Each structure stands twice: as structure tokens, then as C-alpha cells.
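Step one of this worksheet: look at the structure below.
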Amino acid sequence: MKKFSIFAVAFAAVLFAACTGNKSANNAEEADSLKSFEQEQIEASIKMHFDSIASEISKLQQPDFVKEEGNTITLTKEEKQVKPDYLLNANIAEEATTLAEKYRALSALTVDKNIAKLYEMPIEDYDKAIGKLAADINDPSFKAVEKTGDIFKTTSELYDAMNENGRINYFWQLAAASLVEELYIVNQNSDKFLSTFNDEAAANVTFRIVLILDALNRLSQYDPEIKPVAEAVAPLDVLNATTVDELKSQLAEAKENIENARKALIKN
């Protein structure tokens with residue numbers, strides 16, 4: 001009888017342990033399932049926010065001085081004779097080593113190529129550098145734009161393609177680099193480059209800064225490669241102009257911040 005009692009107790013203990021184990025396993029599975037669901041909800045919310053930012057950016061017109069077509073800025077013969085010495089050298093394509101650096105260099109060089117064309121400077125080296133970077137990057141998303149030289153525009157079509165190809169974080173690298181390069185260029189000759197701006201265009205520039213900073217700051221929580229980009233662009237939040245005069249004044253005051261951001265993003 002005693003032996004039976006001991007066996008019964010032992011058997012009951014095994015059953016209890018098994019039940020407890022199954023219950024714990026079930027609880028763990030339920031917790032993982034809940035966590036997975038919550039994570040999916042968070043990721044969906046984040047993506048929706050990024051989609052909204054990208055959509056807003058694509059609605060903002062590019063400044064005239066970087067447009068290949070429809071550029072209303074005209075330079076006199078005398079102005080064209082004084083070639084800008086502030087443009088990036090095409091050989092930065094060789095200096096870019098990481099994928100992020102290549103994306104940023106590609107974006108900045110396409111901006112500078114358009115300025116070179118404005119001054120009727122040779123652009124063959126820019127074309128070669130841009131072609132090399134595009135080949136090194138080998139992003140199928142680039143097929144969403146008509147030509148490689150349009151990548152810096154960061155359109156909604158490019159965003160959607162990069163999202164589908166798992167390159168969405170690099171979209172914001174492109175956007176940050178082109179933004180900083182454009183601001184840097186404006187500061188070199190604000191009278192000329194802001195001559196075609198109206199107050200709405202000025203406000204659009206600062207709104208672009210707000211949107212890109214928002215995206216970079218959110219992404220930096222998940223992507224360590226984005227963090228230094230967000231930190232480099234962060235000082236530009238002082239630009240909040242709503243008129244051309246305000247923009248001109250604020251750009252001059254933020255000159256050092258813009259130059260430092262450019263140095264941080266582009267190896268030159």
C-alpha cells in the first residue's frame with residue numbers, strides 16, 4: 001500500500017510537471033504571438049508614417065537651380081565665365097566605400113552636375129562618376145526613374161520601388177544628401193539662386209527639412225547607420241523660414257551648420 005501511495009504521488013507529480021510545462025509553453029507561445037502582433041502593428045504604423053512623409057516630399061517642387069528642364073535661372077556671359085569652385089569633385093565616387101556613402105555621393109553629385117551644366121562646365125567626369133556609383137550600388141529601384149540623374153529628386157515612385165526592394169533606409173540617405181547639397185549651393189550665391197523663389201518656395205525648403213529630419217530621427221532608433229546622418233542634419237532645424245527674405249537670412253546664419261553637415265555626409 002505504501003509502495004502504491006509513493007508511486008501514485010510520483011505519477012501525480014510527473015503529470016503536474018507535464019501540465020505545468022505545457023501551460024508554460026502555451027503561455028510562451030501566446031506571449032510570442034501577442035508580441036509578434038504588437039510588433040506588426042508598430043511596424044505598420046511606422047511604415048504608414050514614412051509613406052506619408054515620402055508622399056509630402058514628392059509634392060514639393062525642386063528649386064529651379066537644380067532643374068534640368070524648366071530652369072528659369074539665367075546666367076549672363078560674364079557670370080558663366082566665373083566658374084564655381086565649390087562643387088564636389090567627381091572623384092569622390094572613388095572615396096565612397098560603404099553602400100550608404102555611395103548613395104549619398106550619388107545624390108550630391110547629381111545636384112552638382114546640374115549646377116555645372118548651368119555654368120556650361122564640362123560634365124563628362126560627373127556622368128562617369130554617377131554611372132560608376134549607380135553600377136556599384138546596383139539598386140533595381142533606380143529603374144523607377146527615367147534616368148540616373150533624376151535620383152536626387154526622391155520621388156514617390158522611387159520611394160515605392162526602394163520600399164519593394166528592401167532599400168527604403170537608403171531612400172532617406174539620398175534625400176538627406178541632396179537636401180544638404182542644395183542648401184550648401186544656395187549659400188554660395190543666394191542672390192542668384194533665390195532669385196526665382198517666392199515665399200511658398202522658401203517655405204517648401206524648410207518644410208522639406210522638417211520632413212527629412214522626422215524620418216531620419218525615427219529611423220535612427222532602428223538603424224545605427226542612419227544615426228550619424230540624423231545627427232549631421234539635426235542642426236538644420238534652425239531653418240524655419242516662411243518668406244524668401246527669412247530663408248536668405250537664416251541660410252547665412254546657418255552657413256557653418258550646413259557646411260559641417262555636408263562634410264559629415266560626403267567624403268570630399
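Starting from 1 in every chain, residues are counted up; chains themselves are A, B, ... following the order of the C-alpha cells, and ligands are numbered from 1 as listed.
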
Return as a Markdown table the residues of segment 89-189 of chain A lying at most 10 Å from segment 249-263 of chain A, together with the closest atom-to-atom pair for each and the distance in Å to one decimal, counting only C-alpha atoms, with rows in chain order and ascending residue number.
| residue | atom | partner | partner_atom | distance |
| --- | --- | --- | --- | --- |
| A:Ala108 | CA | A:Arg262 | CA | 9.4 |
| A:Ala176 | CA | A:Ala261 | CA | 9.6 |
| A:Ala177 | CA | A:Arg262 | CA | 7.6 |
| A:Ser178 | CA | A:Arg262 | CA | 9.8 |
| A:Leu179 | CA | A:Arg262 | CA | 9.7 |
| A:Val180 | CA | A:Arg262 | CA | 6.1 |
| A:Glu181 | CA | A:Arg262 | CA | 6.7 |
| A:Glu182 | CA | A:Ile258 | CA | 9.9 |
| A:Leu183 | CA | A:Ile258 | CA | 7.0 |
| A:Tyr184 | CA | A:Ile258 | CA | 6.1 |
| A:Ile185 | CA | A:Ile258 | CA | 9.9 |
| A:Val186 | CA | A:Leu251 | CA | 8.2 |
| A:Asn187 | CA | A:Leu251 | CA | 6.5 |
| A:Gln188 | CA | A:Lys255 | CA | 9.5 |

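For the pair atom CA of Glu124 of chain A and atom CA of Leu99 of chain A, the interatomic distance is 23.4 Å.
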
**Message:** Please return, as a PyMOL selection string, all residues of segment 10-239 of chain A that DSSP assigns to helix (DSSP H, G or I) on the basis of the backbone.
**Reply:** chain A and resi 10-59+64-66+77-81+92-95+99-118+124-137+140-144+148-153+156-164+168-188+190-193+199-219+227-238

**Prompt:** From the set A:Asp223, A:Asp237, A:Asp112, A:Glu246, which residue has the shortest atom-to-atom contact distance to Trp172 of chain A, counting only C-alpha atoms?
**Reply:** A:Asp223

**Request:** Tell me which protein, DNA and RNA residues are within 8 Å of Ile130 of chain A, counting only C-alpha atoms, leaving out same-chain ones fewer than 6 positions away, and put them as a count of residues only.
**Result:** 6

**Message:** I'd like the interatomic distance between atom CA of Glu200 of chain A and atom CA of Ile115 of chain A, to a tenth of an Å.
**Reply:**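 Value for the atom CA of Glu200 of chain A-atom CA of Ile115 of chain A distance: 22.6 Å.
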
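The residue that comes closest to Ala202 of chain A, out of A:Leu60, A:Val238, A:Ala44, A:Ile266 and on the basis of only C-alpha atoms, is A:Leu60.
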
Could the residues of segment 55-99 of chain A that have an atom at most 9 Å from segment 151-154 of chain A be listed as CSV, each with its closest atom pair and the distance in Å to one decimal, counting only C-alpha atoms and ordered by chain and ascending residue number?
residue,atom,partner,partner_atom,distance
A:Ile57,CA,A:Thr154,CA,7.8
A:Ser58,CA,A:Thr154,CA,6.8
A:Gln62,CA,A:Lys153,CA,7.2

Export all heavy atoms of the chosen residues as a PDB file, in the first residue's frame?
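Output saved as again-v7.pdb:
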ATOM      1  N   ILE A  57       7.031  64.877 -49.436  1.00  0.00           N
ATOM      2  CA  ILE A  57       8.270  65.332 -50.072  1.00  0.00           C
ATOM      3  C   ILE A  57       8.123  65.359 -51.586  1.00  0.00           C
ATOM      4  O   ILE A  57       8.581  66.284 -52.262  1.00  0.00           O
ATOM      5  CB  ILE A  57       9.453  64.422 -49.664  1.00  0.00           C
ATOM      6  CG1 ILE A  57       9.845  64.691 -48.209  1.00  0.00           C
ATOM      7  CG2 ILE A  57      10.664  64.639 -50.580  1.00  0.00           C
ATOM      8  CD1 ILE A  57      10.947  63.800 -47.696  1.00  0.00           C
ATOM      9  N   SER A  58       7.492  64.336 -52.135  1.00  0.00           N
ATOM     10  CA  SER A  58       7.362  64.236 -53.585  1.00  0.00           C
ATOM     11  C   SER A  58       6.492  65.358 -54.166  1.00  0.00           C
ATOM     12  O   SER A  58       6.563  65.660 -55.354  1.00  0.00           O
ATOM     13  CB  SER A  58       6.779  62.874 -53.978  1.00  0.00           C
ATOM     14  OG  SER A  58       5.434  62.756 -53.571  1.00  0.00           O
ATOM     15  N   GLN A  62      11.231  70.948 -56.812  1.00  0.00           N
ATOM     16  CA  GLN A  62      12.668  71.134 -56.696  1.00  0.00           C
ATOM     17  C   GLN A  62      13.014  72.582 -57.017  1.00  0.00           C
ATOM     18  O   GLN A  62      12.368  73.216 -57.860  1.00  0.00           O
ATOM     19  CB  GLN A  62      13.394  70.207 -57.674  1.00  0.00           C
ATOM     20  CG  GLN A  62      13.349  68.742 -57.300  1.00  0.00           C
ATOM     21  CD  GLN A  62      14.180  68.444 -56.061  1.00  0.00           C
ATOM     22  OE1 GLN A  62      15.142  69.136 -55.766  1.00  0.00           O
ATOM     23  NE2 GLN A  62      13.789  67.415 -55.338  1.00  0.00           N
TER      24      GLN A  62
END

**Message:** Let me make sure I understand: among A:Thr243, A:Ser107, A:Gln221, A:Thr155, which one has the smallest atom-to-atom distance to Ala201 of chain A if we use only C-alpha atoms?
**Reply:** A:Thr243

Applying 12 Å and only C-alpha atoms, which residues near Tyr170 of chain A remain after dropping the ones on its own chain fewer than 5 positions away? List them as a PDB file with N, CA and C atoms, in the first residue's frame.
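The resulting file, out13.pdb, is shown below:
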ATOM      1  N   THR A  98      31.378  52.615 -48.253  1.00  0.00           N
ATOM      2  CA  THR A  98      30.191  51.889 -47.800  1.00  0.00           C
ATOM      3  C   THR A  98      29.028  52.161 -48.751  1.00  0.00           C
ATOM      4  N   LEU A  99      28.032  51.308 -48.674  1.00  0.00           N
ATOM      5  CA  LEU A  99      26.855  51.475 -49.535  1.00  0.00           C
ATOM      6  C   LEU A  99      26.158  52.800 -49.251  1.00  0.00           C
ATOM      7  N   ALA A 100      26.053  53.148 -47.976  1.00  0.00           N
ATOM      8  CA  ALA A 100      25.405  54.409 -47.606  1.00  0.00           C
ATOM      9  C   ALA A 100      26.168  55.600 -48.190  1.00  0.00           C
ATOM     10  N   GLU A 101      27.495  55.545 -48.124  1.00  0.00           N
ATOM     11  CA  GLU A 101      28.314  56.623 -48.677  1.00  0.00           C
ATOM     12  C   GLU A 101      28.124  56.750 -50.182  1.00  0.00           C
ATOM     13  N   LYS A 102      27.975  55.626 -50.850  1.00  0.00           N
ATOM     14  CA  LYS A 102      27.780  55.633 -52.307  1.00  0.00           C
ATOM     15  C   LYS A 102      26.436  56.265 -52.674  1.00  0.00           C
ATOM     16  N   TYR A 103      25.394  55.937 -51.921  1.00  0.00           N
ATOM     17  CA  TYR A 103      24.088  56.545 -52.179  1.00  0.00           C
ATOM     18  C   TYR A 103      24.164  58.062 -51.991  1.00  0.00           C
ATOM     19  N   ARG A 104      24.787  58.491 -50.906  1.00  0.00           N
ATOM     20  CA  ARG A 104      24.856  59.931 -50.622  1.00  0.00           C
ATOM     21  C   ARG A 104      25.702  60.662 -51.661  1.00  0.00           C
ATOM     22  N   ALA A 105      26.823  60.047 -52.058  1.00  0.00           N
ATOM     23  CA  ALA A 105      27.679  60.658 -53.075  1.00  0.00           C
ATOM     24  C   ALA A 105      26.939  60.769 -54.402  1.00  0.00           C
ATOM     25  N   LEU A 106      26.201  59.737 -54.749  1.00  0.00           N
ATOM     26  CA  LEU A 106      25.432  59.732 -55.996  1.00  0.00           C
ATOM     27  C   LEU A 106      24.422  60.879 -56.001  1.00  0.00           C
ATOM     28  N   SER A 107      23.730  61.064 -54.898  1.00  0.00           N
ATOM     29  CA  SER A 107      22.715  62.108 -54.797  1.00  0.00           C
ATOM     30  C   SER A 107      23.335  63.497 -54.896  1.00  0.00           C
ATOM     31  N   ILE A 137      26.237  50.433 -56.669  1.00  0.00           N
ATOM     32  CA  ILE A 137      25.059  50.277 -55.801  1.00  0.00           C
ATOM     33  C   ILE A 137      24.155  49.163 -56.317  1.00  0.00           C
ATOM     34  N   ASP A 139      21.095  49.040 -57.554  1.00  0.00           N
ATOM     35  CA  ASP A 139      19.757  49.051 -56.955  1.00  0.00           C
ATOM     36  C   ASP A 139      18.705  48.973 -58.065  1.00  0.00           C
ATOM     37  N   SER A 141      15.776  49.514 -57.925  1.00  0.00           N
ATOM     38  CA  SER A 141      14.785  50.580 -57.730  1.00  0.00           C
ATOM     39  C   SER A 141      15.016  51.742 -58.679  1.00  0.00           C
ATOM     40  N   PHE A 142      16.259  51.916 -59.125  1.00  0.00           N
ATOM     41  CA  PHE A 142      16.583  53.047 -59.981  1.00  0.00           C
ATOM     42  C   PHE A 142      15.836  52.996 -61.308  1.00  0.00           C
ATOM     43  N   ILE A 151      17.648  60.724 -59.693  1.00  0.00           N
ATOM     44  CA  ILE A 151      17.518  60.020 -58.414  1.00  0.00           C
ATOM     45  C   ILE A 151      17.440  60.979 -57.238  1.00  0.00           C
ATOM     46  N   PHE A 152      18.194  62.078 -57.291  1.00  0.00           N
ATOM     47  CA  PHE A 152      18.234  63.006 -56.162  1.00  0.00           C
ATOM     48  C   PHE A 152      16.873  63.642 -55.876  1.00  0.00           C
ATOM     49  N   THR A 154      14.169  62.221 -55.311  1.00  0.00           N
ATOM     50  CA  THR A 154      13.462  61.403 -54.307  1.00  0.00           C
ATOM     51  C   THR A 154      11.942  61.468 -54.480  1.00  0.00           C
ATOM     52  N   LEU A 158      10.198  56.490 -56.789  1.00  0.00           N
ATOM     53  CA  LEU A 158      11.462  55.917 -56.319  1.00  0.00           C
ATOM     54  C   LEU A 158      11.292  55.339 -54.920  1.00  0.00           C
ATOM     55  N   TYR A 159      10.571  56.049 -54.074  1.00  0.00           N
ATOM     56  CA  TYR A 159      10.309  55.569 -52.705  1.00  0.00           C
ATOM     57  C   TYR A 159       9.605  54.213 -52.730  1.00  0.00           C
ATOM     58  N   ALA A 161       9.526  52.008 -55.099  1.00  0.00           N
ATOM     59  CA  ALA A 161      10.399  50.975 -55.647  1.00  0.00           C
ATOM     60  C   ALA A 161      11.443  50.541 -54.619  1.00  0.00           C
ATOM     61  N   MET A 162      12.018  51.484 -53.905  1.00  0.00           N
ATOM     62  CA  MET A 162      13.028  51.150 -52.896  1.00  0.00           C
ATOM     63  C   MET A 162      12.388  50.413 -51.726  1.00  0.00           C
ATOM     64  N   ASN A 163      11.152  50.728 -51.439  1.00  0.00           N
ATOM     65  CA  ASN A 163      10.423  50.019 -50.394  1.00  0.00           C
ATOM     66  C   ASN A 163      10.223  48.555 -50.783  1.00  0.00           C
ATOM     67  N   ASN A 165      12.018  46.848 -52.793  1.00  0.00           N
ATOM     68  CA  ASN A 165      13.305  46.167 -52.913  1.00  0.00           C
ATOM     69  C   ASN A 165      14.106  46.141 -51.609  1.00  0.00           C
ATOM     70  N   ALA A 175      17.816  61.443 -49.858  1.00  0.00           N
ATOM     71  CA  ALA A 175      17.085  62.680 -49.578  1.00  0.00           C
ATOM     72  C   ALA A 175      17.907  63.640 -48.727  1.00  0.00           C
ATOM     73  N   ALA A 176      18.597  63.102 -47.722  1.00  0.00           N
ATOM     74  CA  ALA A 176      19.408  63.946 -46.836  1.00  0.00           C
ATOM     75  C   ALA A 176      20.571  64.577 -47.592  1.00  0.00           C
ATOM     76  N   ALA A 177      21.246  63.783 -48.415  1.00  0.00           N
ATOM     77  CA  ALA A 177      22.409  64.288 -49.147  1.00  0.00           C
ATOM     78  C   ALA A 177      22.026  65.368 -50.148  1.00  0.00           C
ATOM     79  N   ALA A 215      11.900  61.795 -40.497  1.00  0.00           N
ATOM     80  CA  ALA A 215      12.173  60.431 -40.954  1.00  0.00           C
ATOM     81  C   ALA A 215      13.504  59.918 -40.415  1.00  0.00           C
ATOM     82  N   LEU A 216      14.540  60.739 -40.481  1.00  0.00           N
ATOM     83  CA  LEU A 216      15.872  60.324 -40.014  1.00  0.00           C
ATOM     84  C   LEU A 216      15.864  60.021 -38.517  1.00  0.00           C
ATOM     85  N   LEU A 219      14.043  56.737 -37.918  1.00  0.00           N
ATOM     86  CA  LEU A 219      14.820  55.599 -38.410  1.00  0.00           C
ATOM     87  C   LEU A 219      16.044  55.323 -37.557  1.00  0.00           C
ATOM     88  N   ASP A 223      17.996  51.840 -37.046  1.00  0.00           N
ATOM     89  CA  ASP A 223      19.097  51.633 -37.972  1.00  0.00           C
ATOM     90  C   ASP A 223      20.307  52.455 -37.530  1.00  0.00           C
ATOM     91  N   GLU A 225      23.087  52.862 -38.801  1.00  0.00           N
ATOM     92  CA  GLU A 225      23.761  53.530 -39.916  1.00  0.00           C
ATOM     93  C   GLU A 225      23.145  54.887 -40.222  1.00  0.00           C
ATOM     94  N   ILE A 226      21.882  55.063 -39.841  1.00  0.00           N
ATOM     95  CA  ILE A 226      21.180  56.322 -40.083  1.00  0.00           C
ATOM     96  C   ILE A 226      21.499  57.348 -38.996  1.00  0.00           C
ATOM     97  N   VAL A 229      23.755  60.262 -39.738  1.00  0.00           N
ATOM     98  CA  VAL A 229      23.128  61.122 -40.742  1.00  0.00           C
ATOM     99  C   VAL A 229      22.127  62.045 -40.054  1.00  0.00           C
TER     100      VAL A 229
END

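Reported to one decimal place, the separation of atom CA of Glu164 of chain A from atom CA of Met48 of chain A is 14.2 Å.
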
**Request:** Counting only C-alpha atoms, figure out which residue out of A:Val244, A:Val111, A:Ile53, A:Leu87 gets nearest to Ile212 of chain A.
**Result:**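 When distances to Ile212 of chain A are compared using only C-alpha atoms, the smallest one comes from A:Ile53.
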